Amino acid sequence: QAYAAMQLPAGALPIAEELAATCLSLPLYPGISEKQVQAVAAAICSFTE
């Protein structure tokens, strides 16, 4: 969605598209709270069950 304005057709960026479809990005930043970390961990555990 970030680059939707460029109106690139599917397949125009095959490496980026493969990475976007197969990589997991976790929220990570200095201000993340313990409660937020626990929520992320719970979501991962729920997904992998």
# chains A, B, ... in the order shown; residues from 1 in each chain; ligands from 1
$ select_by_dssp --residues "chain A" --states "alpha helix (DSSP H)" --output "list in words"
Pro14, Ile15, Ala16, Glu17, Glu18, Leu19, Ala20, Ala21, Thr22, Glu34, Lys35, Gln36, Val37, Gln38, Ala39, Val40, Ala41, Ala42, Ala43, Ile44, Cys45, Ser46, Phe47 and Thr48 of chain A
$ residues_around --residues "Ile44 of chain A" --least-positions-apart "4" --cutoff "12 Å" --atoms "only C-alpha atoms" --output "list in words"
Leu24, Ser25, Leu26, Pro27, Val37, Gln38, Ala39, Val40, Thr48 and Glu49 of chain A
$ atom_distance --atom1 "atom CA of Ala42 of chain A" --atom2 "atom CA of Leu28 of chain A"
15.3 Å
$ residues_around --residues "segment 2-5 of chain A" --least-positions-apart "2" --cutoff "12 Å" --atoms "only C-alpha atoms" --output "JSON, numbers by chain"
{"A": [7, 8, 9, 10, 13, 16, 17, 20]}
$ write_last_selection --atoms "all heavy atoms" --output "PDB file, in the first residue's frame"
ATOM      1  N   GLN A   7       1.581   2.838  -8.987  1.00  0.00           N
ATOM      2  CA  GLN A   7       0.800   2.026  -9.920  1.00  0.00           C
ATOM      3  C   GLN A   7       1.661   1.023 -10.689  1.00  0.00           C
ATOM      4  O   GLN A   7       1.542   0.870 -11.908  1.00  0.00           O
ATOM      5  CB  GLN A   7       0.003   2.905 -10.870  1.00  0.00           C
ATOM      6  CG  GLN A   7      -0.999   3.790 -10.143  1.00  0.00           C
ATOM      7  CD  GLN A   7      -1.801   4.660 -11.076  1.00  0.00           C
ATOM      8  OE1 GLN A   7      -1.405   4.932 -12.210  1.00  0.00           O
ATOM      9  NE2 GLN A   7      -2.951   5.095 -10.622  1.00  0.00           N
ATOM     10  N   LEU A   8       2.540   0.326  -9.966  1.00  0.00           N
ATOM     11  CA  LEU A   8       3.371  -0.696 -10.590  1.00  0.00           C
ATOM     12  C   LEU A   8       2.556  -1.976 -10.772  1.00  0.00           C
ATOM     13  O   LEU A   8       1.804  -2.364  -9.890  1.00  0.00           O
ATOM     14  CB  LEU A   8       4.594  -0.997  -9.711  1.00  0.00           C
ATOM     15  CG  LEU A   8       5.573   0.154  -9.524  1.00  0.00           C
ATOM     16  CD1 LEU A   8       6.610  -0.208  -8.472  1.00  0.00           C
ATOM     17  CD2 LEU A   8       6.249   0.476 -10.832  1.00  0.00           C
ATOM     18  N   PRO A   9       2.699  -2.639 -11.901  1.00  0.00           N
ATOM     19  CA  PRO A   9       1.968  -3.893 -12.095  1.00  0.00           C
ATOM     20  C   PRO A   9       2.575  -5.004 -11.241  1.00  0.00           C
ATOM     21  O   PRO A   9       3.759  -4.954 -10.876  1.00  0.00           O
ATOM     22  CB  PRO A   9       2.169  -4.185 -13.583  1.00  0.00           C
ATOM     23  CG  PRO A   9       3.450  -3.510 -13.935  1.00  0.00           C
ATOM     24  CD  PRO A   9       3.509  -2.281 -13.061  1.00  0.00           C
ATOM     25  N   ALA A  10       1.770  -6.005 -10.917  1.00  0.00           N
ATOM     26  CA  ALA A  10       2.272  -7.159 -10.170  1.00  0.00           C
ATOM     27  C   ALA A  10       3.434  -7.771 -10.940  1.00  0.00           C
ATOM     28  O   ALA A  10       3.395  -7.900 -12.163  1.00  0.00           O
ATOM     29  CB  ALA A  10       1.159  -8.169  -9.977  1.00  0.00           C
ATOM     30  N   LEU A  13       8.424  -5.789  -9.271  1.00  0.00           N
ATOM     31  CA  LEU A  13       9.496  -5.836  -8.267  1.00  0.00           C
ATOM     32  C   LEU A  13       9.485  -7.225  -7.619  1.00  0.00           C
ATOM     33  O   LEU A  13       9.084  -7.387  -6.470  1.00  0.00           O
ATOM     34  CB  LEU A  13       9.280  -4.749  -7.210  1.00  0.00           C
ATOM     35  CG  LEU A  13       9.212  -3.316  -7.734  1.00  0.00           C
ATOM     36  CD1 LEU A  13       8.746  -2.362  -6.654  1.00  0.00           C
ATOM     37  CD2 LEU A  13      10.555  -2.890  -8.290  1.00  0.00           C
ATOM     38  N   ALA A  16      11.206  -7.764  -4.030  1.00  0.00           N
ATOM     39  CA  ALA A  16      10.465  -7.064  -2.980  1.00  0.00           C
ATOM     40  C   ALA A  16       9.120  -7.734  -2.722  1.00  0.00           C
ATOM     41  O   ALA A  16       8.693  -7.865  -1.569  1.00  0.00           O
ATOM     42  CB  ALA A  16      10.258  -5.605  -3.374  1.00  0.00           C
ATOM     43  N   GLU A  17       8.460  -8.188  -3.774  1.00  0.00           N
ATOM     44  CA  GLU A  17       7.162  -8.846  -3.621  1.00  0.00           C
ATOM     45  C   GLU A  17       7.313 -10.180  -2.888  1.00  0.00           C
ATOM     46  O   GLU A  17       6.485 -10.524  -2.038  1.00  0.00           O
ATOM     47  CB  GLU A  17       6.506  -9.037  -4.984  1.00  0.00           C
ATOM     48  CG  GLU A  17       6.087  -7.715  -5.617  1.00  0.00           C
ATOM     49  CD  GLU A  17       5.643  -7.850  -7.058  1.00  0.00           C
ATOM     50  OE1 GLU A  17       5.125  -8.912  -7.449  1.00  0.00           O
ATOM     51  OE2 GLU A  17       5.827  -6.873  -7.810  1.00  0.00           O
ATOM     52  N   ALA A  20       7.949  -9.372   0.792  1.00  0.00           N
ATOM     53  CA  ALA A  20       6.730  -8.885   1.426  1.00  0.00           C
ATOM     54  C   ALA A  20       5.758 -10.026   1.720  1.00  0.00           C
ATOM     55  O   ALA A  20       5.037  -9.998   2.716  1.00  0.00           O
ATOM     56  CB  ALA A  20       6.058  -7.843   0.542  1.00  0.00           C
TER      57      ALA A  20
END
$ atom_distance --atom1 "atom CA of Thr22 of chain A" --atom2 "atom CA of Gln1 of chain A"
16.3 Å
